[in-house]
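> Structure file entry_4.pdb (PDB, C-alpha atoms and all ligand atoms) is given on the next line.
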ATOM      1  CA  MET Z 281     -66.397 -60.195 -12.423
ATOM      2  CA  SER Z 282     -64.552 -63.481 -12.716
ATOM      3  CA  VAL Z 283     -65.756 -67.062 -13.000
ATOM      4  CA  GLU Z 284     -63.472 -69.732 -11.603
ATOM      5  CA  VAL Z 285     -64.072 -73.375 -12.454
ATOM      6  CA  LYS Z 286     -61.987 -75.683 -10.264
ATOM      7  CA  HIS Z 287     -61.576 -79.424 -10.803
ATOM      8  CA  LEU Z 288     -65.126 -79.791 -12.086
ATOM      9  CA  VAL Z 289     -66.433 -83.350 -12.511
ATOM     10  CA  LYS Z 290     -69.884 -84.320 -13.787
ATOM     11  CA  GLN Z 291     -71.132 -87.803 -14.500
ATOM     12  CA  TYR Z 292     -74.454 -89.032 -15.903
ATOM     13  CA  GLY Z 293     -74.672 -92.609 -14.614
ATOM     14  CA  GLU Z 294     -71.721 -94.371 -16.217
ATOM     15  CA  GLN Z 295     -71.080 -91.508 -18.646
ATOM     16  CA  LEU Z 296     -68.276 -89.202 -17.496
ATOM     17  CA  ALA Z 297     -69.277 -85.934 -19.214
ATOM     18  CA  VAL Z 298     -66.799 -83.535 -17.552
ATOM     19  CA  ASN Z 299     -63.560 -84.946 -16.234
ATOM     20  CA  ASP Z 300     -61.727 -82.670 -13.786
ATOM     21  CA  ILE Z 301     -61.574 -79.400 -15.681
ATOM     22  CA  SER Z 302     -60.346 -76.040 -14.371
ATOM     23  CA  PHE Z 303     -60.318 -72.591 -15.993
ATOM     24  CA  THR Z 304     -60.942 -68.921 -15.223
ATOM     25  CA  LEU Z 305     -63.035 -66.425 -17.172
ATOM     26  CA  ASN Z 306     -62.201 -62.742 -16.957
ATOM     27  CA  LYS Z 307     -64.217 -59.547 -17.219
ATOM     28  CA  GLY Z 308     -64.160 -57.784 -20.578
ATOM     29  CA  GLU Z 309     -63.182 -60.990 -22.364
ATOM     30  CA  ILE Z 310     -65.269 -63.221 -24.618
ATOM     31  CA  THR Z 311     -64.025 -66.758 -24.166
ATOM     32  CA  GLY Z 312     -64.893 -69.337 -26.774
ATOM     33  CA  PHE Z 313     -65.769 -72.772 -25.462
ATOM     34  CA  LEU Z 314     -64.940 -75.053 -28.293
ATOM     35  CA  GLY Z 315     -65.246 -78.767 -28.813
ATOM     36  CA  PRO Z 316     -66.973 -81.410 -30.905
ATOM     37  CA  ASN Z 317     -70.518 -82.525 -30.079
ATOM     38  CA  GLY Z 318     -70.641 -84.471 -26.837
ATOM     39  CA  ALA Z 319     -67.380 -82.951 -25.525
ATOM     40  CA  GLY Z 320     -68.997 -81.617 -22.324
ATOM     41  CA  LYS Z 321     -69.655 -77.943 -23.163
ATOM     42  CA  SER Z 322     -73.368 -77.801 -22.286
ATOM     43  CA  THR Z 323     -72.841 -79.797 -19.114
ATOM     44  CA  THR Z 324     -70.122 -77.403 -17.932
ATOM     45  CA  MET Z 325     -72.350 -74.430 -18.704
ATOM     46  CA  LYS Z 326     -75.287 -75.952 -16.809
ATOM     47  CA  VAL Z 327     -73.070 -76.395 -13.753
ATOM     48  CA  ILE Z 328     -71.712 -72.833 -13.989
ATOM     49  CA  THR Z 329     -75.249 -71.448 -14.145
ATOM     50  CA  GLY Z 330     -76.383 -73.579 -11.199
ATOM     51  CA  TYR Z 331     -78.846 -75.718 -13.205
ATOM     52  CA  LEU Z 332     -76.883 -78.918 -12.549
ATOM     53  CA  GLN Z 333     -75.054 -80.057  -9.436
ATOM     54  CA  PRO Z 334     -71.468 -81.172 -10.020
ATOM     55  CA  ASP Z 335     -70.174 -84.515  -8.743
ATOM     56  CA  GLY Z 336     -66.868 -82.904  -7.839
ATOM     57  CA  GLY Z 337     -65.109 -79.543  -7.844
ATOM     58  CA  THR Z 338     -66.445 -76.018  -7.446
ATOM     59  CA  VAL Z 339     -67.522 -73.008  -9.487
ATOM     60  CA  LEU Z 340     -66.983 -69.543  -8.043
ATOM     61  CA  VAL Z 341     -68.730 -66.519  -9.563
ATOM     62  CA  ASN Z 342     -67.330 -63.293  -8.189
ATOM     63  CA  GLY Z 343     -65.840 -65.400  -5.402
ATOM     64  CA  MET Z 344     -69.211 -66.980  -4.479
ATOM     65  CA  ASP Z 345     -69.714 -70.737  -4.625
ATOM     66  CA  VAL Z 346     -72.526 -71.463  -7.113
ATOM     67  CA  GLN Z 347     -73.804 -74.429  -5.114
ATOM     68  CA  ARG Z 348     -73.983 -72.607  -1.806
ATOM     69  CA  ASN Z 349     -75.303 -69.309  -3.180
ATOM     70  CA  ALA Z 350     -77.474 -70.496  -6.082
ATOM     71  CA  VAL Z 351     -80.037 -67.678  -5.850
ATOM     72  CA  GLU Z 352     -77.475 -64.880  -5.482
ATOM     73  CA  VAL Z 353     -75.306 -66.230  -8.305
ATOM     74  CA  LYS Z 354     -78.238 -66.633 -10.712
ATOM     75  CA  LYS Z 355     -78.877 -62.876 -10.357
ATOM     76  CA  LEU Z 356     -75.388 -62.219 -11.719
ATOM     77  CA  ILE Z 357     -75.690 -64.556 -14.697
ATOM     78  CA  GLY Z 358     -77.514 -64.371 -18.018
ATOM     79  CA  TYR Z 359     -77.865 -67.816 -19.574
ATOM     80  CA  LEU Z 360     -78.923 -68.713 -23.085
ATOM     81  CA  PRO Z 361     -79.364 -72.496 -23.156
ATOM     82  CA  GLU Z 362     -78.728 -74.510 -26.303
ATOM     83  CA  SER Z 363     -82.357 -75.418 -26.919
ATOM     84  CA  ASN Z 364     -83.916 -72.174 -25.849
ATOM     85  CA  ALA Z 365     -87.551 -72.850 -24.994
ATOM     86  CA  LEU Z 366     -89.726 -69.875 -25.980
ATOM     87  CA  TYR Z 367     -93.506 -69.519 -25.796
ATOM     88  CA  TYR Z 368     -94.520 -69.045 -29.432
ATOM     89  CA  ASP Z 369     -98.020 -67.761 -28.609
ATOM     90  CA  MET Z 370     -96.687 -64.920 -26.498
ATOM     91  CA  TYR Z 371     -95.841 -61.458 -27.802
ATOM     92  CA  VAL Z 372     -92.162 -60.502 -27.473
ATOM     93  CA  SER Z 373     -92.818 -57.858 -24.792
ATOM     94  CA  GLU Z 374     -95.262 -60.115 -22.992
ATOM     95  CA  TYR Z 375     -92.697 -62.926 -22.859
ATOM     96  CA  LEU Z 376     -89.975 -60.615 -21.573
ATOM     97  CA  TYR Z 377     -92.394 -59.314 -18.920
ATOM     98  CA  PHE Z 378     -92.978 -62.936 -17.897
ATOM     99  CA  VAL Z 379     -89.196 -63.552 -17.678
ATOM    100  CA  ALA Z 380     -88.709 -60.334 -15.685
ATOM    101  CA  GLY Z 381     -91.339 -61.646 -13.247
ATOM    102  CA  ILE Z 382     -89.560 -64.984 -12.822
ATOM    103  CA  LYS Z 383     -86.276 -63.178 -12.278
ATOM    104  CA  LYS Z 384     -87.990 -60.916  -9.711
ATOM    105  CA  ILE Z 385     -86.845 -57.740 -11.433
ATOM    106  CA  LYS Z 386     -88.159 -54.588  -9.757
ATOM    107  CA  GLN Z 387     -88.298 -51.991 -12.536
ATOM    108  CA  LYS Z 388     -89.638 -54.419 -15.091
ATOM    109  CA  TRP Z 389     -90.455 -52.171 -18.067
ATOM    110  CA  GLN Z 390     -87.212 -50.256 -17.789
ATOM    111  CA  SER Z 391     -85.253 -53.534 -17.875
ATOM    112  CA  ILE Z 392     -87.390 -54.942 -20.702
ATOM    113  CA  ASN Z 393     -86.965 -51.842 -22.859
ATOM    114  CA  ASN Z 394     -83.249 -51.872 -22.216
ATOM    115  CA  ALA Z 395     -82.957 -55.559 -23.257
ATOM    116  CA  ILE Z 396     -85.092 -54.874 -26.367
ATOM    117  CA  LEU Z 397     -82.828 -51.990 -27.308
ATOM    118  CA  LEU Z 398     -79.613 -53.985 -26.778
ATOM    119  CA  THR Z 399     -80.784 -56.871 -28.956
ATOM    120  CA  GLY Z 400     -82.330 -54.794 -31.755
ATOM    121  CA  LEU Z 401     -85.877 -56.016 -31.145
ATOM    122  CA  ILE Z 402     -87.705 -52.666 -31.224
ATOM    123  CA  ILE Z 403     -89.507 -53.264 -34.524
ATOM    124  CA  GLU Z 404     -90.491 -56.811 -33.566
ATOM    125  CA  LYS Z 405     -91.476 -56.249 -29.948
ATOM    126  CA  ASN Z 406     -95.225 -56.315 -30.628
ATOM    127  CA  LYS Z 407     -95.135 -59.505 -32.716
ATOM    128  CA  LYS Z 408     -95.839 -62.998 -31.494
ATOM    129  CA  ILE Z 409     -92.632 -64.999 -30.978
ATOM    130  CA  GLY Z 410     -93.906 -67.719 -33.332
ATOM    131  CA  GLN Z 411     -94.036 -65.149 -36.169
ATOM    132  CA  LEU Z 412     -90.367 -64.214 -35.867
ATOM    133  CA  SER Z 413     -87.494 -65.546 -37.970
ATOM    134  CA  LYS Z 414     -85.077 -67.934 -36.263
ATOM    135  CA  GLY Z 415     -82.525 -65.131 -35.861
ATOM    136  CA  TYR Z 416     -85.054 -62.885 -34.131
ATOM    137  CA  LYS Z 417     -86.237 -65.752 -31.920
ATOM    138  CA  GLN Z 418     -82.623 -66.094 -30.822
ATOM    139  CA  ARG Z 419     -82.540 -62.349 -30.089
ATOM    140  CA  VAL Z 420     -85.554 -62.843 -27.811
ATOM    141  CA  GLY Z 421     -83.564 -65.554 -25.999
ATOM    142  CA  LEU Z 422     -80.636 -63.159 -25.686
ATOM    143  CA  ALA Z 423     -82.917 -60.349 -24.464
ATOM    144  CA  ALA Z 424     -84.264 -62.730 -21.792
ATOM    145  CA  ALA Z 425     -80.682 -63.545 -20.779
ATOM    146  CA  LEU Z 426     -79.801 -59.828 -20.587
ATOM    147  CA  ILE Z 427     -82.915 -58.645 -18.761
ATOM    148  CA  ASN Z 428     -81.357 -58.788 -15.296
ATOM    149  CA  GLN Z 429     -78.357 -56.797 -16.575
ATOM    150  CA  PRO Z 430     -75.989 -59.644 -15.715
ATOM    151  CA  ASP Z 431     -72.235 -59.275 -15.392
ATOM    152  CA  VAL Z 432     -71.702 -62.813 -16.651
ATOM    153  CA  LEU Z 433     -73.165 -64.177 -19.893
ATOM    154  CA  ILE Z 434     -73.192 -67.907 -20.620
ATOM    155  CA  LEU Z 435     -74.253 -68.562 -24.205
ATOM    156  CA  ASP Z 436     -74.643 -72.145 -25.396
ATOM    157  CA  GLU Z 437     -74.228 -72.351 -29.186
ATOM    158  CA  PRO Z 438     -76.112 -69.058 -29.700
ATOM    159  CA  THR Z 439     -75.778 -69.055 -33.483
ATOM    160  CA  SER Z 440     -76.550 -72.688 -34.239
ATOM    161  CA  GLY Z 441     -79.193 -73.134 -36.939
ATOM    162  CA  LEU Z 442     -79.078 -69.492 -38.074
ATOM    163  CA  ASP Z 443     -78.382 -68.309 -41.609
ATOM    164  CA  PRO Z 444     -75.134 -66.417 -42.355
ATOM    165  CA  ASN Z 445     -76.718 -62.938 -42.030
ATOM    166  CA  GLN Z 446     -78.413 -63.821 -38.771
ATOM    167  CA  ILE Z 447     -75.137 -65.273 -37.477
ATOM    168  CA  ILE Z 448     -73.333 -61.991 -38.123
ATOM    169  CA  GLU Z 449     -76.101 -59.993 -36.411
ATOM    170  CA  ILE Z 450     -76.119 -62.180 -33.288
ATOM    171  CA  ARG Z 451     -72.320 -62.145 -33.168
ATOM    172  CA  ASN Z 452     -72.360 -58.346 -33.235
ATOM    173  CA  VAL Z 453     -74.779 -58.190 -30.312
ATOM    174  CA  ILE Z 454     -72.541 -60.581 -28.360
ATOM    175  CA  LYS Z 455     -69.395 -58.628 -29.189
ATOM    176  CA  GLN Z 456     -70.989 -55.407 -27.924
ATOM    177  CA  GLN Z 457     -72.023 -57.147 -24.719
ATOM    178  CA  GLY Z 458     -68.573 -58.652 -24.257
ATOM    179  CA  ALA Z 459     -66.915 -55.257 -23.818
ATOM    180  CA  ASP Z 460     -67.876 -54.962 -20.141
ATOM    181  CA  LYS Z 461     -69.042 -58.453 -19.230
ATOM    182  CA  THR Z 462     -67.557 -61.882 -18.640
ATOM    183  CA  VAL Z 463     -68.752 -64.004 -21.550
ATOM    184  CA  LEU Z 464     -68.480 -67.735 -22.229
ATOM    185  CA  PHE Z 465     -69.613 -68.621 -25.738
ATOM    186  CA  SER Z 466     -69.798 -72.223 -26.892
ATOM    187  CA  SER Z 467     -69.482 -73.460 -30.431
ATOM    188  CA  HIS Z 468     -68.369 -76.545 -32.280
ATOM    189  CA  THR Z 469     -66.692 -74.567 -35.039
ATOM    190  CA  LEU Z 470     -63.382 -72.830 -34.732
ATOM    191  CA  GLN Z 471     -64.285 -70.306 -37.406
ATOM    192  CA  GLU Z 472     -67.053 -69.003 -35.159
ATOM    193  CA  VAL Z 473     -64.841 -68.707 -32.102
ATOM    194  CA  ASN Z 474     -62.191 -67.034 -34.221
ATOM    195  CA  ALA Z 475     -64.702 -64.384 -35.331
ATOM    196  CA  VAL Z 476     -66.025 -63.509 -31.862
ATOM    197  CA  CYS Z 477     -63.620 -64.474 -29.100
ATOM    198  CA  ASP Z 478     -60.352 -63.291 -27.600
ATOM    199  CA  ARG Z 479     -59.517 -66.646 -26.104
ATOM    200  CA  ALA Z 480     -60.526 -70.252 -26.655
ATOM    201  CA  ILE Z 481     -60.876 -73.134 -24.259
ATOM    202  CA  ILE Z 482     -60.930 -76.360 -26.252
ATOM    203  CA  ILE Z 483     -62.588 -79.353 -24.613
ATOM    204  CA  ASN Z 484     -62.612 -82.930 -25.845
ATOM    205  CA  GLU Z 485     -64.140 -85.977 -24.144
ATOM    206  CA  GLY Z 486     -64.639 -83.993 -20.939
ATOM    207  CA  LYS Z 487     -60.996 -82.801 -20.739
ATOM    208  CA  ILE Z 488     -59.463 -79.444 -21.611
ATOM    209  CA  VAL Z 489     -56.959 -79.845 -24.442
ATOM    210  CA  ALA Z 490     -56.108 -76.146 -24.934
ATOM    211  CA  ASN Z 491     -56.737 -72.854 -23.143
ATOM    212  CA  ASP Z 492     -55.070 -70.021 -24.952
ATOM    213  CA  THR Z 493     -55.502 -66.736 -26.776
ATOM    214  CA  LEU Z 494     -56.538 -67.003 -30.401
ATOM    215  CA  GLN Z 495     -53.232 -65.319 -31.213
ATOM    216  CA  ASN Z 496     -51.237 -68.113 -29.537
ATOM    217  CA  LEU Z 497     -53.369 -70.788 -31.167
ATOM    218  CA  GLN Z 498     -52.638 -69.120 -34.507
ATOM    219  CA  GLN Z 499     -48.961 -69.336 -33.584
ATOM    220  CA  GLN Z 500     -49.297 -73.078 -32.933
ATOM    221  CA  LYS Z 501     -50.822 -73.409 -36.347
ATOM    222  CA  ASN Z 502     -47.642 -72.023 -37.866
ATOM    223  CA  ASP Z 503     -45.517 -74.478 -35.946
ATOM    224  CA  ILE Z 504     -46.731 -77.534 -37.827
ATOM    225  CA  ALA Z 505     -46.340 -77.889 -41.551
ATOM    226  CA  THR Z 506     -47.073 -80.650 -43.972
ATOM    227  CA  VAL Z 507     -44.487 -81.571 -46.589
ATOM    228  CA  ILE Z 508     -45.994 -83.293 -49.624
ATOM    229  CA  VAL Z 509     -43.579 -85.312 -51.709
ATOM    230  CA  SER Z 510     -44.076 -87.403 -54.845
ATOM    231  CA  PHE Z 511     -41.491 -89.901 -56.131
ATOM    232  CA  ARG Z 512     -41.460 -91.426 -59.597
ATOM    233  CA  GLU Z 513     -40.695 -94.740 -57.902
ATOM    234  CA  GLN Z 514     -43.731 -96.403 -56.341
ATOM    235  CA  HIS Z 515     -42.099 -98.956 -54.059
ATOM    236  CA  LEU Z 516     -41.323 -96.657 -51.098
ATOM    237  CA  ASN Z 517     -43.077 -97.172 -47.800
ATOM    238  CA  THR Z 518     -43.835 -94.805 -44.914
ATOM    239  CA  THR Z 519     -41.144 -96.277 -42.638
ATOM    240  CA  GLN Z 520     -38.430 -95.127 -45.057
ATOM    241  CA  LEU Z 521     -39.666 -91.526 -44.657
ATOM    242  CA  GLN Z 522     -39.992 -91.586 -40.881
ATOM    243  CA  PHE Z 523     -37.026 -89.195 -40.392
ATOM    244  CA  GLU Z 524     -36.121 -87.408 -37.202
ATOM    245  CA  PHE Z 525     -38.626 -84.537 -36.529
ATOM    246  CA  VAL Z 526     -41.323 -86.164 -38.650
ATOM    247  CA  GLU Z 527     -44.387 -86.548 -36.424
ATOM    248  CA  LYS Z 528     -46.460 -88.584 -38.841
ATOM    249  CA  VAL Z 529     -46.222 -89.918 -42.414
ATOM    250  CA  GLU Z 530     -49.255 -90.700 -44.539
ATOM    251  CA  CYS Z 531     -49.166 -92.526 -47.854
ATOM    252  CA  MET Z 532     -51.697 -90.852 -50.155
ATOM    253  CA  ALA Z 533     -51.031 -93.060 -53.196
ATOM    254  CA  PRO Z 534     -48.056 -95.238 -54.269
ATOM    255  CA  GLY Z 535     -45.035 -92.895 -54.297
ATOM    256  CA  HIS Z 536     -47.018 -89.929 -52.838
ATOM    257  CA  PHE Z 537     -46.584 -89.022 -49.171
ATOM    258  CA  LYS Z 538     -47.618 -86.384 -46.642
ATOM    259  CA  LEU Z 539     -45.191 -85.706 -43.776
ATOM    260  CA  TYR Z 540     -46.206 -83.695 -40.679
ATOM    261  CA  THR Z 541     -43.353 -81.814 -39.020
ATOM    262  CA  ARG Z 542     -42.277 -78.815 -36.986
ATOM    263  CA  GLU Z 543     -38.927 -78.752 -38.840
ATOM    264  CA  GLU Z 544     -39.990 -78.315 -42.416
ATOM    265  CA  GLN Z 545     -36.600 -77.236 -43.841
ATOM    266  CA  LEU Z 546     -34.793 -80.106 -42.186
ATOM    267  CA  VAL Z 547     -37.308 -82.644 -43.480
ATOM    268  CA  ARG Z 548     -36.935 -81.299 -47.024
ATOM    269  CA  LYS Z 549     -33.154 -81.785 -46.687
ATOM    270  CA  HIS Z 550     -33.658 -85.364 -45.458
ATOM    271  CA  LEU Z 551     -35.882 -86.092 -48.462
ATOM    272  CA  LEU Z 552     -33.329 -84.738 -50.930
ATOM    273  CA  ALA Z 553     -30.528 -86.696 -49.209
ATOM    274  CA  LEU Z 554     -32.602 -89.893 -49.388
ATOM    275  CA  ALA Z 555     -33.293 -89.330 -53.084
ATOM    276  CA  LEU Z 556     -29.545 -88.882 -53.778
ATOM    277  CA  GLN Z 557     -28.518 -91.852 -51.694
ATOM    278  CA  GLU Z 558     -31.128 -94.260 -53.085
ATOM    279  CA  ASN Z 559     -31.085 -92.851 -56.612
ATOM    280  CA  LEU Z 560     -34.769 -91.873 -56.480
ATOM    281  CA  ASN Z 561     -36.545 -89.234 -58.570
ATOM    282  CA  ILE Z 562     -38.549 -86.600 -56.724
ATOM    283  CA  ILE Z 563     -41.195 -85.269 -59.130
ATOM    284  CA  SER Z 564     -42.708 -82.741 -56.744
ATOM    285  CA  LEU Z 565     -41.984 -81.377 -53.280
ATOM    286  CA  GLN Z 566     -44.169 -78.776 -51.592
ATOM    287  CA  SER Z 567     -45.023 -77.532 -48.109
ATOM    288  CA  GLU Z 568     -48.281 -76.321 -46.621
ATOM    289  CA  GLN Z 569     -48.979 -74.602 -43.319
ATOM    290  CA  GLN Z 570     -51.734 -76.082 -41.218
ATOM    291  CA  THR Z 571     -54.951 -74.158 -40.973
ATOM    292  CA  LEU Z 572     -56.410 -73.249 -37.594
ATOM    293  CA  GLU Z 573     -59.150 -75.797 -38.334
ATOM    294  CA  GLU Z 574     -56.481 -78.502 -38.575
ATOM    295  CA  VAL Z 575     -55.024 -77.454 -35.218
ATOM    296  CA  PHE Z 576     -58.485 -77.914 -33.725
ATOM    297  CA  ARG Z 577     -58.865 -81.287 -35.437
ATOM    298  CA  ARG Z 578     -55.439 -82.392 -34.225
ATOM    299  CA  LEU Z 579     -56.302 -81.413 -30.631
ATOM    300  CA  THR Z 580     -59.753 -82.997 -30.646
ATOM    301  CA  LEU Z 581     -59.159 -86.063 -32.799
ATOM    302  CA  GLY Z 582     -55.758 -86.832 -31.330
ATOM    303  CA  SER Z 583     -54.290 -87.095 -34.809
TER     304      SER Z 583
HETATM  305  P1  LIG H   1     -71.613 -80.815 -25.729
HETATM  306  O1  LIG H   1     -72.385 -79.669 -25.171
HETATM  307  O2  LIG H   1     -70.141 -80.536 -25.840
HETATM  308  O3  LIG H   1     -72.183 -81.339 -27.009
HETATM  309  P2  LIG H   1     -72.738 -82.316 -23.508
HETATM  310  O4  LIG H   1     -72.296 -81.623 -22.269
HETATM  311  O5  LIG H   1     -74.133 -82.068 -23.972
HETATM  312  O6  LIG H   1     -71.691 -82.031 -24.670
HETATM  313  O7  LIG H   1     -72.583 -83.885 -23.307
HETATM  314  C1  LIG H   1     -71.399 -84.480 -22.761
HETATM  315  C2  LIG H   1     -71.627 -85.983 -22.655
HETATM  316  O8  LIG H   1     -72.626 -86.243 -21.671
HETATM  317  C3  LIG H   1     -72.135 -86.626 -23.946
HETATM  318  O9  LIG H   1     -71.568 -87.906 -24.028
HETATM  319  C4  LIG H   1     -73.626 -86.711 -23.729
HETATM  320  O10 LIG H   1     -74.179 -87.794 -24.458
HETATM  321  C5  LIG H   1     -73.723 -86.942 -22.232
HETATM  322  N1  LIG H   1     -74.965 -86.357 -21.674
HETATM  323  C6  LIG H   1     -75.361 -85.070 -21.727
HETATM  324  N2  LIG H   1     -76.521 -84.878 -21.074
HETATM  325  C7  LIG H   1     -76.881 -86.097 -20.603
HETATM  326  C8  LIG H   1     -77.990 -86.582 -19.830
HETATM  327  N3  LIG H   1     -78.948 -85.759 -19.398
HETATM  328  N4  LIG H   1     -78.018 -87.897 -19.527
HETATM  329  C9  LIG H   1     -77.029 -88.739 -19.922
HETATM  330  N5  LIG H   1     -75.949 -88.350 -20.649
HETATM  331  C10 LIG H   1     -75.875 -87.055 -20.975
END
Give the structure from this file in structure tokens form.
Ligand code: ADP

Amino acid sequence: MSVEVKHLVKQYGEQLAVNDISFTLNKGEITGFLGPNGAGKSTTMKVITGYLQPDGGTVLVNGMDVQRNAVEVKKLIGYLPESNALYYDMYVSEYLYFVAGIKKIKQKWQSINNAILLTGLIIEKNKKIGQLSKGYKQRVGLAAALINQPDVLILDEPTSGLDPNQIIEIRNVIKQQGADKTVLFSSHTLQEVNAVCDRAIIINEGKIVANDTLQNLQQQKNDIATVIVSFREQHLNTTQLQFEFVEKVECMAPGHFKLYTREEQLVRKHLLALALQENLNIISLQSEQQTLEEVFRRLTLGS
């Protein structure tokens, strides 16, 4: 089942939260929705799930317009909101029974037991939600999202606030679910998306800045290198090192510079030529590949 987001716009008063974004989610793929806080991830997810009306554009789930077929579409979607409101005084099974009622599920206990099994809640099912660890509370949220056996899962920062072990457990549940569902998984860290997703959509200030497989994003990472050079002489300035193919020069300390380039070998040659020509002494010259985190920073900070 596919989800198609077309030219989506959402504004809160003066605040443009989502600015004309389009993308498609495919079955059997976990797509990471990545961006800094305030980028527009939650807003987009709320529109996809039919909880917010867009100001422009459309969302189609399995070809159906979310706005026109809100009830039908909600049956196809499991949604875990960012701040997942649970009733702490309720027992796990009792809460899931309540959710199954709201979702008008016919064979309630069969669906509840299935969701409990999928999220590893068997041992905890007779406890009150308030007694559970944060990780298990999040599993209850996931079980509630899975109870209608949805084909589409929209998970808003499902691991935020969990400890490293809990993060791994929740990720594993999501990965299992992703095998036969269409999953959108939001996060503000690239490391997380890298661990769970096949593809990443990167959003910044309401605009999509990248939509690619993790493999291709890794490739991009290898394209840009930093060349770090130190001269004995301290009088050089950044303009003197602004060679062809150098995207940016930073002065780290007098005589010490960082050059960003896609043509690392060529830039090294330029540096050596400059040193010869100007009779300068290079005391160190080294190159570093960018990390994937830096690619994300470059795309979202515009640097
Ligand atoms: P993210 O999920 O990426 O952190 P959000 O979608 O929550 O981003 O927010 C996008 C922008 O919209 C932010 O600038 C945020 O402050 C603003 N925003 C979100 N919800 C509301 C709201 N209910 N009222 C006004 N502004 C909002």
> Step by step, measure atom-to-atom distances between ligand LIG 1 (chain H) and each residue using all atoms listed in the file, keep those at most 9 Å, then write them as a count of residues only.
33
> Please return the centre and edge lengths, in Å to one decimal, of a box with edges along x, y and z that contains all listed atoms of stretch 422-441 of chain Z, widened by 4 Å on every side, as lines of an AutoDock Vina configuration file.

center_x = -78.0
center_y = -65.0
center_z = -26.1
size_x = 20.6
size_y = 24.3
size_z = 29.6
> Could you expand the PyMOL selection byres (((chain Z and resi 383) around 12) and not hetatm) into the explicit residues it covers here, written as a PDB file with C-alpha atoms, in the frame of the given file?

ATOM      1  CA  VAL Z 351     -80.037 -67.678  -5.850  1.00  0.00           C
ATOM      2  CA  GLU Z 352     -77.475 -64.880  -5.482  1.00  0.00           C
ATOM      3  CA  LYS Z 354     -78.238 -66.633 -10.712  1.00  0.00           C
ATOM      4  CA  LYS Z 355     -78.877 -62.876 -10.357  1.00  0.00           C
ATOM      5  CA  LEU Z 356     -75.388 -62.219 -11.719  1.00  0.00           C
ATOM      6  CA  ILE Z 357     -75.690 -64.556 -14.697  1.00  0.00           C
ATOM      7  CA  GLY Z 358     -77.514 -64.371 -18.018  1.00  0.00           C
ATOM      8  CA  LEU Z 376     -89.975 -60.615 -21.573  1.00  0.00           C
ATOM      9  CA  TYR Z 377     -92.394 -59.314 -18.920  1.00  0.00           C
ATOM     10  CA  PHE Z 378     -92.978 -62.936 -17.897  1.00  0.00           C
ATOM     11  CA  VAL Z 379     -89.196 -63.552 -17.678  1.00  0.00           C
ATOM     12  CA  ALA Z 380     -88.709 -60.334 -15.685  1.00  0.00           C
ATOM     13  CA  GLY Z 381     -91.339 -61.646 -13.247  1.00  0.00           C
ATOM     14  CA  ILE Z 382     -89.560 -64.984 -12.822  1.00  0.00           C
ATOM     15  CA  LYS Z 384     -87.990 -60.916  -9.711  1.00  0.00           C
ATOM     16  CA  ILE Z 385     -86.845 -57.740 -11.433  1.00  0.00           C
ATOM     17  CA  LYS Z 386     -88.159 -54.588  -9.757  1.00  0.00           C
ATOM     18  CA  GLN Z 387     -88.298 -51.991 -12.536  1.00  0.00           C
ATOM     19  CA  LYS Z 388     -89.638 -54.419 -15.091  1.00  0.00           C
ATOM     20  CA  SER Z 391     -85.253 -53.534 -17.875  1.00  0.00           C
ATOM     21  CA  ILE Z 392     -87.390 -54.942 -20.702  1.00  0.00           C
ATOM     22  CA  ALA Z 424     -84.264 -62.730 -21.792  1.00  0.00           C
ATOM     23  CA  ALA Z 425     -80.682 -63.545 -20.779  1.00  0.00           C
ATOM     24  CA  LEU Z 426     -79.801 -59.828 -20.587  1.00  0.00           C
ATOM     25  CA  ILE Z 427     -82.915 -58.645 -18.761  1.00  0.00           C
ATOM     26  CA  ASN Z 428     -81.357 -58.788 -15.296  1.00  0.00           C
ATOM     27  CA  GLN Z 429     -78.357 -56.797 -16.575  1.00  0.00           C
ATOM     28  CA  PRO Z 430     -75.989 -59.644 -15.715  1.00  0.00           C
TER      29      PRO Z 430
END
> Restricting the calculation to all atoms listed in the file, which member of Z:Leu288, Z:Ala395, Z:Met370, Z:Leu560 is positioned closest to Z:Asp335?
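Answer, going by the shortest atom-to-atom distance: Z:Leu288.
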> Can you tell me how far atom CA of Z:Leu366 sits from atom CA of Z:Lys461, in Å to one decimal?
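About the pair atom CA of Z:Leu366 and atom CA of Z:Lys461: they are 24.6 Å apart.
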> As an exercise, work out the distance from atom CA of Z:Lys538 to atom CA of Z:Val507 in Å and give it to one decimal place.
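Taking atom CA of Z:Lys538 and atom CA of Z:Val507, their separation equals 5.7 Å.
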> In Å, with one decimal, what is the gap from atom CA of Z:Val341 to atom CA of Z:Gly421?
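About the pair atom CA of Z:Val341 and atom CA of Z:Gly421: they are 22.2 Å apart.
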> For the structure provided, state which residues fall under the PyMOL selection byres (((chain Z and resi 480) around 12) and not hetatm), and present them as number ranges by chain.
Z: 303-305, 309-315, 463-479, 481-483, 488-498, 576
> Would you mind telling me which residue in Z:Ser567, Z:Ile396, Z:Tyr368, Z:Ser363 lies nearest to Z:Gly441 when using only C-alpha atoms?
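Once distances to Z:Gly441 are computed over only C-alpha atoms, the minimum belongs to Z:Ser363.
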> Find the residues near Z:Leu516: any atom within 8 Å, counting all atoms listed in the file, skip ones fewer than 2 places away on the same chain, and give them as JSON, numbers by chain.
{"Z": [513, 514, 518, 520, 534, 535]}
> Could you write out the selected residues, including C-alpha atoms, as a PDB file, keeping the file's coordinate frame?

ATOM      1  CA  GLU Z 513     -40.695 -94.740 -57.902  1.00  0.00           C
ATOM      2  CA  GLN Z 514     -43.731 -96.403 -56.341  1.00  0.00           C
ATOM      3  CA  THR Z 518     -43.835 -94.805 -44.914  1.00  0.00           C
ATOM      4  CA  GLN Z 520     -38.430 -95.127 -45.057  1.00  0.00           C
ATOM      5  CA  PRO Z 534     -48.056 -95.238 -54.269  1.00  0.00           C
ATOM      6  CA  GLY Z 535     -45.035 -92.895 -54.297  1.00  0.00           C
TER       7      GLY Z 535
END
